[in-house]
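S.K.: Sending over input.txt (compact mmCIF, C-alpha atoms).
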# COMPACT_ATOMS: atom_id res chain seq x y z
CA MET P 1 -2.54 16.08 4.43
CA TYR P 2 0.81 17.73 3.76
CA PHE P 3 3.77 17.42 6.10
CA ASN P 4 7.48 18.02 6.24
CA VAL P 5 10.37 18.40 8.62
CA TYR P 6 12.72 20.67 6.71
CA SER P 7 15.44 20.92 9.34
CA ASP P 8 16.58 18.83 12.27
CA PHE P 9 19.68 20.34 13.86
CA GLY P 10 19.63 17.94 16.79
CA THR P 11 18.91 20.66 19.33
CA GLU P 12 15.84 21.89 17.45
CA ILE P 13 13.42 20.70 14.77
CA HIS P 14 11.45 22.82 12.28
CA GLY P 15 8.54 21.56 10.18
CA TYR P 16 4.88 21.84 9.30
CA LEU P 17 1.69 19.79 9.24
CA ILE P 18 -1.24 20.73 7.00
CA PRO P 19 -4.33 18.66 7.91
CA ASP P 20 -6.97 17.46 5.48
CA GLY P 21 -9.50 19.93 6.84
CA PHE P 22 -8.97 23.35 5.23
CA SER P 23 -9.70 25.23 8.45
CA ALA P 24 -8.60 22.54 10.94
CA LYS P 25 -5.95 23.48 13.51
CA PRO P 26 -3.03 21.04 13.31
CA THR P 27 -1.49 19.60 16.45
CA ILE P 28 1.41 17.20 16.86
CA MET P 29 2.68 14.64 19.36
CA VAL P 30 6.35 13.88 19.93
CA LEU P 31 7.98 10.67 21.11
CA CYS P 32 11.38 11.18 22.77
CA HIS P 33 13.30 8.67 24.91
CA SER P 34 10.14 6.49 24.83
CA GLN P 35 8.05 9.26 26.42
CA GLN P 36 5.16 11.11 24.77
CA PHE P 37 5.13 14.91 24.73
CA GLY P 38 2.29 17.12 23.54
CA PRO P 39 -0.06 17.75 22.02
CA PHE P 40 1.59 20.89 20.63
CA ASP P 41 -0.29 23.33 18.43
CA CYS P 42 1.30 24.18 15.11
CA ASP P 43 1.43 27.91 15.76
CA ILE P 44 3.79 29.37 13.14
CA PHE P 45 2.45 31.17 10.07
CA LEU P 46 3.85 29.95 6.75
CA GLU P 47 3.13 32.03 3.69
CA GLY P 48 3.33 29.13 1.20
CA PRO P 49 0.39 27.05 2.51
CA TYR P 50 -1.69 30.22 2.89
CA LYS P 51 -0.81 31.61 -0.53
CA HIS P 52 -1.48 28.32 -2.33
CA LYS P 53 -4.76 27.85 -0.42
CA HIS P 54 -3.67 24.65 1.27
CA HIS P 55 -4.86 26.02 4.62
CA GLU P 56 -7.25 28.76 5.68
CA THR P 57 -4.88 30.61 8.02
CA GLY P 58 -1.45 29.26 7.06
CA ILE P 59 -0.70 28.70 10.75
CA VAL P 60 0.70 25.19 10.30
CA GLY P 61 4.39 25.40 11.22
CA PHE P 62 6.01 24.06 14.38
CA PHE P 63 9.29 24.45 16.24
CA LEU P 64 10.60 21.99 18.82
CA ASP P 65 13.52 22.38 21.23
CA GLU P 66 14.59 21.39 24.74
CA THR P 67 12.04 23.66 26.39
CA LYS P 68 9.18 21.73 24.76
CA VAL P 69 10.79 18.29 24.51
CA PRO P 70 13.43 17.67 27.19
CA GLY P 71 16.18 15.40 25.88
CA ILE P 72 15.54 16.17 22.23
CA SER P 73 19.21 16.97 21.61
CA GLY P 74 20.55 13.50 22.25
CA ALA P 75 17.55 11.34 21.40
CA SER P 76 17.76 8.90 18.50
CA ASP P 77 14.13 7.75 18.82
CA ILE P 78 12.44 11.07 17.97
CA GLU P 79 9.07 10.56 16.29
CA ILE P 80 6.59 13.28 15.33
CA SER P 81 2.98 12.41 14.57
CA ASP P 82 -0.35 14.04 13.77
CA ALA P 83 -2.11 14.22 17.14
CA GLU P 84 -5.53 13.63 15.60
CA THR P 85 -4.81 10.51 13.53
CA GLY P 86 -1.62 9.17 15.09
CA PHE P 87 0.08 9.15 11.68
CA VAL P 88 3.87 9.31 12.17
CA PHE P 89 5.32 11.61 9.54
CA TYR P 90 8.85 12.03 10.86
CA ARG P 91 11.48 9.88 12.54
CA ARG P 92 15.00 11.03 13.26
CA LEU P 93 17.45 9.33 10.92
CA ARG P 94 19.56 6.55 12.42
CA PRO P 95 22.42 6.21 9.88
CA HIS P 96 23.56 2.81 11.13
CA GLN P 97 20.03 1.36 11.13
CA HIS P 98 18.04 3.08 8.40
CA ILE P 99 18.62 2.12 4.78
CA GLN P 100 18.97 5.28 2.72
CA LYS P 101 16.81 4.24 -0.23
CA ARG P 102 13.36 5.23 -1.49
CA ILE P 103 11.12 2.17 -1.83
CA PHE P 104 7.54 1.83 -3.00
CA ARG P 105 5.79 -1.55 -2.91
CA LEU P 106 2.59 -1.83 -4.89
CA GLU P 107 0.27 -4.08 -2.88
CA THR P 108 -1.87 -6.15 -5.24
CA GLN P 109 -3.29 -8.66 -2.76
CA PHE P 110 -6.69 -7.83 -1.30
CA VAL P 111 -5.45 -9.05 2.09
CA PRO P 112 -2.19 -7.07 2.38
CA HIS P 113 1.20 -8.58 3.15
CA ARG P 114 1.49 -6.62 6.38
CA GLU P 115 3.93 -9.17 7.75
CA LEU P 116 6.33 -8.15 4.97
CA ASP P 117 5.82 -4.42 5.50
CA LEU P 118 6.17 -4.54 9.28
CA SER P 119 9.36 -6.62 9.12
CA LEU P 120 10.90 -3.89 6.94
CA LYS P 121 9.68 -0.99 9.10
CA PRO P 122 12.71 -0.87 11.46
CA HIS P 123 15.02 -0.36 8.47
CA PHE P 124 13.48 2.90 7.28
CA GLN P 125 13.25 6.44 8.59
CA PHE P 126 9.86 7.17 7.01
CA TYR P 127 7.41 4.26 6.86
CA ALA P 128 3.80 4.04 5.71
CA ASP P 129 1.83 0.93 4.80
CA GLY P 130 -1.77 0.78 3.61
CA ALA P 131 -1.38 3.99 1.61
CA GLU P 132 -4.82 3.41 0.06
CA ARG P 133 -6.38 4.43 3.39
CA TYR P 134 -5.20 8.01 2.91
CA GLY P 135 -6.23 10.79 0.57
CA SER P 136 -4.44 11.40 -2.72
CA GLU P 137 -2.56 14.45 -1.38
CA THR P 138 -1.22 12.43 1.54
CA VAL P 139 -0.05 9.61 -0.72
CA ARG P 140 1.64 12.11 -3.01
CA GLN P 141 3.40 13.67 -0.01
CA MET P 142 4.59 10.23 1.13
CA LEU P 143 6.19 9.56 -2.24
CA GLU P 144 7.63 13.04 -2.71
CA ILE P 145 8.73 13.59 0.88
CA ALA P 146 11.89 15.67 1.16
CA HIS P 147 14.70 15.76 3.72
CA GLN P 148 14.16 12.09 4.62
CA PRO P 149 16.49 9.87 2.55
CA SER P 150 15.16 6.59 3.94
CA ILE P 151 11.58 5.91 2.78
CA TYR P 152 9.32 2.86 2.56
CA VAL P 153 5.74 3.17 1.32
CA SER P 154 3.33 0.39 0.37
CA GLY P 155 -0.31 0.33 -0.64
CA ARG P 156 -3.09 -1.11 -2.80
CA VAL P 157 -3.37 2.08 -4.81
CA MET P 158 -4.09 2.67 -8.49
CA LEU P 159 -0.63 2.66 -10.05
CA LYS P 160 -1.56 5.19 -12.73
CA ASN P 161 -2.41 7.76 -10.04
CA VAL P 162 0.96 7.57 -8.27
CA GLN P 163 3.60 6.68 -10.84
CA GLY P 164 4.11 10.35 -11.70
CA TYR P 165 5.47 10.90 -8.19
CA PHE P 166 8.27 8.35 -8.49
CA THR P 167 11.80 9.68 -8.83
CA ASP P 168 14.67 8.05 -10.69
CA GLU P 169 15.84 6.74 -7.31
CA THR P 170 12.52 5.11 -6.38
CA ILE P 171 12.85 1.34 -6.09
CA ARG P 172 9.54 -0.21 -7.16
CA ILE P 173 8.42 -3.64 -5.93
CA VAL P 174 5.37 -5.67 -6.96
CA SER P 175 4.22 -9.28 -6.82
CA LEU P 176 1.28 -11.08 -8.41
CA ARG P 177 -0.23 -14.56 -8.11
CA ASP P 178 -2.61 -16.87 -9.92
CA PRO P 179 -5.80 -14.85 -10.71
CA PHE P 180 -8.06 -17.63 -9.43
CA TYR P 181 -6.13 -17.71 -6.14
CA GLU P 182 -6.57 -13.94 -5.74
CA LEU P 183 -10.27 -14.30 -6.55
CA ALA P 184 -10.55 -16.93 -3.80
CA ILE P 185 -9.04 -14.47 -1.31
CA ARG P 186 -11.35 -11.67 -2.41
CA LEU P 187 -14.51 -13.78 -2.29
CA TRP P 188 -13.69 -15.18 1.16
CA THR P 189 -12.83 -11.72 2.54
CA ILE P 190 -15.95 -10.09 1.10
CA ALA P 191 -18.18 -12.90 2.41
CA ALA P 192 -16.65 -12.73 5.88
CA PHE P 193 -16.96 -8.94 6.08
CA LYS P 194 -20.56 -9.14 7.32
CA ARG P 195 -19.34 -10.96 10.42
CA ARG P 196 -15.87 -9.47 10.80
CA ARG P 197 -14.77 -5.94 9.99
CA PHE P 198 -11.26 -6.11 8.55
CA SER P 199 -9.12 -3.07 9.30
CA PHE P 200 -7.39 -3.27 5.92
CA LEU P 201 -10.65 -2.72 4.05
CA SER P 202 -11.25 0.99 3.62
CA GLU P 203 -14.63 2.68 3.81
CA ARG P 204 -14.40 3.11 0.04
CA ASP P 205 -13.95 -0.68 -0.37
CA ALA P 206 -16.93 -1.38 1.89
CA ILE P 207 -19.14 0.89 -0.19
CA LEU P 208 -17.88 -0.44 -3.52
CA PHE P 209 -18.33 -4.10 -2.56
CA GLU P 210 -21.55 -3.64 -0.58
CA PRO P 211 -23.69 -5.62 -3.11
CA ALA P 212 -21.17 -8.48 -3.10
CA ILE P 213 -20.97 -8.47 0.70
CA ALA P 214 -24.76 -8.87 0.87
CA TYR P 215 -24.87 -11.56 -1.83
CA PHE P 216 -21.95 -13.76 -0.75
CA GLY P 217 -22.26 -13.18 3.02
CA ASP P 218 -23.97 -16.51 3.74
CA MET P 219 -21.98 -18.68 1.31
CA ASN P 220 -20.57 -21.95 2.69
CA PHE P 221 -16.97 -22.11 1.48
CA SER P 222 -16.59 -25.73 2.55
CA ASN P 223 -19.24 -26.81 0.04
CA ALA P 224 -17.93 -26.82 -3.54
CA ALA P 225 -21.39 -27.36 -5.04
CA GLU P 226 -22.77 -24.34 -3.19
CA ILE P 227 -19.85 -22.17 -4.29
CA LYS P 228 -20.43 -23.10 -7.93
CA SER P 229 -24.18 -22.59 -7.71
CA LYS P 230 -23.88 -19.23 -5.96
CA ILE P 231 -21.37 -17.85 -8.44
CA LYS P 232 -23.24 -19.10 -11.49
CA SER P 233 -26.41 -17.42 -10.19
CA ALA P 234 -24.67 -14.15 -9.28
CA PRO P 235 -25.93 -10.99 -11.03
CA LYS P 236 -23.54 -9.60 -13.64
CA ASP P 237 -23.07 -6.33 -11.75
CA ILE P 238 -21.79 -8.24 -8.71
CA LEU P 239 -19.35 -10.38 -10.70
CA ALA P 240 -18.17 -7.21 -12.43
CA LEU P 241 -16.75 -6.05 -9.09
CA PHE P 242 -14.17 -8.84 -9.36
CA GLU P 243 -13.12 -8.27 -12.98
CA SER P 244 -9.36 -8.70 -13.57
CA PRO P 245 -8.17 -6.80 -10.48
CA PHE P 246 -4.46 -6.90 -11.39
CA THR P 247 -4.85 -5.34 -14.84
CA HIS P 248 -7.36 -2.86 -13.46
CA GLN P 249 -5.10 -1.72 -10.62
CA ILE P 250 -2.14 -1.25 -12.94
CA VAL P 251 -3.79 0.71 -15.77
CA ALA P 252 -7.03 2.30 -14.48
CA SER P 253 -7.44 5.62 -12.66
CA SER P 254 -10.59 4.77 -10.68
CA PRO P 255 -12.07 1.63 -9.07
CA THR P 256 -15.10 2.01 -11.33
CA ASP P 257 -13.22 2.39 -14.63
CA LYS P 258 -13.84 -0.22 -17.30
CA VAL P 259 -10.69 -1.82 -18.71
CA SER P 260 -10.50 -3.23 -22.24
CA ARG P 261 -8.45 -6.18 -23.44
CA GLU P 262 -6.02 -3.76 -25.07
CA ALA P 263 -5.01 -2.64 -21.57
CA VAL P 264 -3.04 -5.85 -21.06
CA SER P 265 -0.12 -4.55 -23.14
CA SER P 266 -0.06 -1.35 -21.07
CA ALA P 267 -0.05 -3.44 -17.88
CA LEU P 268 2.89 -5.51 -19.14
CA ASP P 269 4.81 -2.34 -19.97
CA ALA P 270 4.12 -0.89 -16.50
CA LEU P 271 5.25 -4.10 -14.79
CA SER P 272 8.50 -4.07 -16.77
CA GLN P 273 9.42 -0.80 -15.06
CA PHE P 274 9.46 -2.33 -11.57
CA THR P 275 12.83 -3.01 -9.98
CA ILE P 276 11.55 -6.22 -8.39
CA PHE P 277 8.68 -8.10 -9.98
CA SER P 278 7.64 -11.47 -8.58
CA PRO P 279 5.16 -13.19 -10.92
CA ASN P 280 3.95 -15.61 -8.26
CA GLU P 281 4.03 -16.08 -4.51
CA ILE P 282 4.57 -19.82 -4.26
CA ASP P 283 7.67 -19.38 -2.07
CA ALA P 284 9.64 -16.71 -0.22
CA SER P 285 11.72 -15.63 -3.22
CA LEU P 286 10.24 -12.11 -3.02
CA ALA P 287 11.71 -11.70 0.47
CA SER P 288 15.07 -12.97 -0.79
CA ASP P 289 15.05 -10.53 -3.70
CA ILE P 290 14.24 -7.61 -1.41
CA GLY P 291 16.89 -8.62 1.11
CA GLU P 292 19.53 -8.87 -1.60
CA LEU P 293 18.61 -5.51 -3.09
CA ILE P 294 18.63 -3.48 0.12
CA GLY P 295 21.44 -5.39 1.79
CA ILE P 296 19.82 -7.08 4.78
CA ASN P 297 19.48 -10.69 5.85
CA ASP P 298 16.37 -12.05 4.19
CA ASN P 299 15.74 -14.24 7.26
CA SER P 300 14.54 -11.08 9.01
CA ILE P 301 11.99 -10.38 6.25
CA LEU P 302 8.68 -12.10 6.91
CA PHE P 303 6.63 -13.25 3.95
CA THR P 304 3.64 -15.59 3.75
CA PRO P 305 3.41 -17.40 0.39
CA VAL P 306 0.20 -18.86 -1.03
CA ARG P 307 -1.91 -20.89 1.41
CA SER P 308 -3.25 -24.37 0.75
CA SER P 309 -6.85 -23.53 1.74
CA PHE P 310 -7.06 -20.81 -0.90
CA LEU P 311 -5.29 -23.01 -3.44
CA GLU P 312 -8.05 -25.60 -3.01
CA MET P 313 -10.72 -22.95 -3.43
CA ALA P 314 -8.90 -21.58 -6.49
CA ASP P 315 -9.17 -24.99 -8.11
CA ILE P 316 -12.94 -24.96 -7.52
CA LEU P 317 -13.21 -21.50 -9.04
CA ARG P 318 -11.11 -22.57 -12.01
CA SER P 319 -13.82 -25.08 -12.94
CA ILE P 320 -16.57 -22.43 -13.08
CA GLN P 321 -16.64 -21.39 -16.72
CA PRO P 322 -18.22 -17.88 -16.35
CA LEU P 323 -15.25 -16.82 -14.23
CA GLU P 324 -12.90 -17.11 -17.20
CA GLN P 325 -14.67 -14.11 -18.68
CA VAL P 326 -14.60 -12.24 -15.35
CA LEU P 327 -10.82 -12.72 -15.12
CA GLU P 328 -10.13 -12.55 -18.85
CA ASN P 329 -7.63 -9.68 -18.84
CA ASP P 330 -5.71 -11.06 -15.88
CA LEU P 331 -5.57 -14.53 -17.43
CA ILE P 332 -4.17 -13.05 -20.65
CA LEU P 333 -1.72 -10.98 -18.60
CA PHE P 334 -0.53 -14.09 -16.81
CA TYR P 335 -0.22 -16.02 -20.05
CA PHE P 336 2.28 -13.49 -21.39
CA ILE P 337 4.11 -13.32 -18.04
CA LYS P 338 4.52 -17.12 -17.98
CA LYS P 339 5.59 -17.09 -21.61
CA ALA P 340 8.28 -14.51 -20.81
CA GLU P 341 9.42 -16.60 -17.85
CA SER P 342 9.72 -19.64 -20.09
CA ARG P 343 11.86 -17.73 -22.60
CA VAL P 344 14.20 -16.59 -19.81
CA ARG P 345 14.58 -20.15 -18.51
CA ASP P 346 15.30 -21.47 -22.01
CA ALA P 347 17.93 -18.79 -22.52
CA LEU P 348 19.66 -19.74 -19.27
CA ASP P 349 19.67 -23.48 -20.01
Would you mind writing the file out in structure tokens?
M.R.:
Amino acid sequence: MYFNVYSDFGTEIHGYLIPDGFSAKPTIMVLCHSQQFGPFDCDIFLEGPYKHKHHETGIVGFFLDETKVPGISGASDIEISDAETGFVFYRRLRPHQHIQKRIFRLETQFVPHRELDLSLKPHFQFYADGAERYGSETVRQMLEIAHQPSIYVSGRVMLKNVQGYFTDETIRIVSLRDPFYELAIRLWTIAAFKRRRFSFLSERDAILFEPAIAYFGDMNFSNAAEIKSKIKSAPKDILALFESPFTHQIVASSPTDKVSREAVSSALDALSQFTIFSPNEIDASLASDIGELIGINDNSILFTPVRSSFLEMADILRSIQPLEQVLENDLILFYFIKKAESRVRDALD
């Protein structure tokens, strides 16, 4: 999907929407003064999308004014969305509310910090969380979007596939946590997926983890002995699905890529390029760092640190020796991160 609003004069708005389907006819909805208008067909021919074969007919442009959307001239709550998916790709800028910065947060937790994302949503003109649910062209468009100076995007995407779209102005945010804690979250989520379909798990995730969902679906997480037995008996191809997810997400291009131990140095280098990097989530310091950087009260930023139930499970997993090999790259990564933290503390003392 490609989209853009290239002019908003107040009395009229010009833009385009190119859907994922090559021959699909794009339609939009408009929110104005809390009322929905549309759907409106995108009925203007644009040579660019047609010439570059982004759309079969090139009829993807739209024009909005008072005749289509009464009250558009004075409305501050204008929102334009794809009628088919509901994806909001344009909001009218509110200079006194929207922070004019470009922010990308790399989500590394399997269960996303949606509470953090949603608490930041009111502060940005363009907002998109869960970017991994969209196609690569859509994610690229999110990160390269023009004519909207206030942008917040987050997602559990492969960093290598998106870092080329960052500009010098892009503020990059990432947080990690103990690898055994993250493994506890992933195992619990995968096991529960047979009984409960989580909206944050994409169809791609469901297919990738299908063998693990079948194998761990009946595991009793309140029984430490059963957890140990089940994991020790797990086929290698199932355990391979949980190999060092942090290192993999930072340096690989595909969910099925194999990552060598040498990739740890590349991961450390990539992490050093983030504006905000939180090496653990034991408290709300990430929210404080974000609040300080963008100039808002961090009390309005919601963030859920590590939870005791998963900490207890992490301790059980830590005692299962085969898992050290499964998480080897992430454990090495964390060793160097902690070592760097220690050097910084010593320097400050």
S.K.: Which residue out of P:Asp43, P:Glu56, P:Glu169, P:Asp205 has the minimum interatomic distance to Gln100 in chain P when all atoms listed in the file are used?
M.R.: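 For Gln100 in chain P, the nearest of the candidates is P:Glu169.
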S.K.: If you count all atoms listed in the file, which residues fall within 8 Å of Lys228 in chain P, apart from same-chain ones fewer than 4 positions away, as a PyMOL selection string?
M.R.: chain P and resi 224+232+316-317+320
S.K.: Using C-alpha atoms, can you export the residues from the last selection as a short mmCIF file (atom, residue, chain, number, x, y, z; two decimals), keeping the file's coordinate frame?
M.R.:
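To be explicit, this is the file written out as selection_4.cif:
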data_model
loop_
_atom_site.label_atom_id
_atom_site.label_comp_id
_atom_site.auth_asym_id
_atom_site.auth_seq_id
_atom_site.Cartn_x
_atom_site.Cartn_y
_atom_site.Cartn_z
CA ALA P 224 -17.93 -26.82 -3.54
CA LYS P 232 -23.24 -19.10 -11.49
CA ILE P 316 -12.94 -24.96 -7.52
CA LEU P 317 -13.21 -21.50 -9.04
CA ILE P 320 -16.57 -22.43 -13.08
#
S.K.: When distances are computed from all atoms listed in the file, which of P:Glu203, P:Asp82, P:Asp168, P:Asp283 shows the smallest separation from Arg133 in chain P?
M.R.: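 That would be P:Glu203, the residue with the smallest distance to Arg133 in chain P.
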S.K.: Give me, please, the distance in Å between CA of Phe87 in chain P and CA of Gln36 in chain P, quoted to one decimal.
M.R.: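 Result for CA of Phe87 in chain P versus CA of Gln36 in chain P: 14.2 Å, one decimal.
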S.K.: Just how far from CA of Ile103 in chain P is CA of Glu12 in chain P, in Å to one decimal?
M.R.: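 Here the two named atoms are 28.0 Å from each other.
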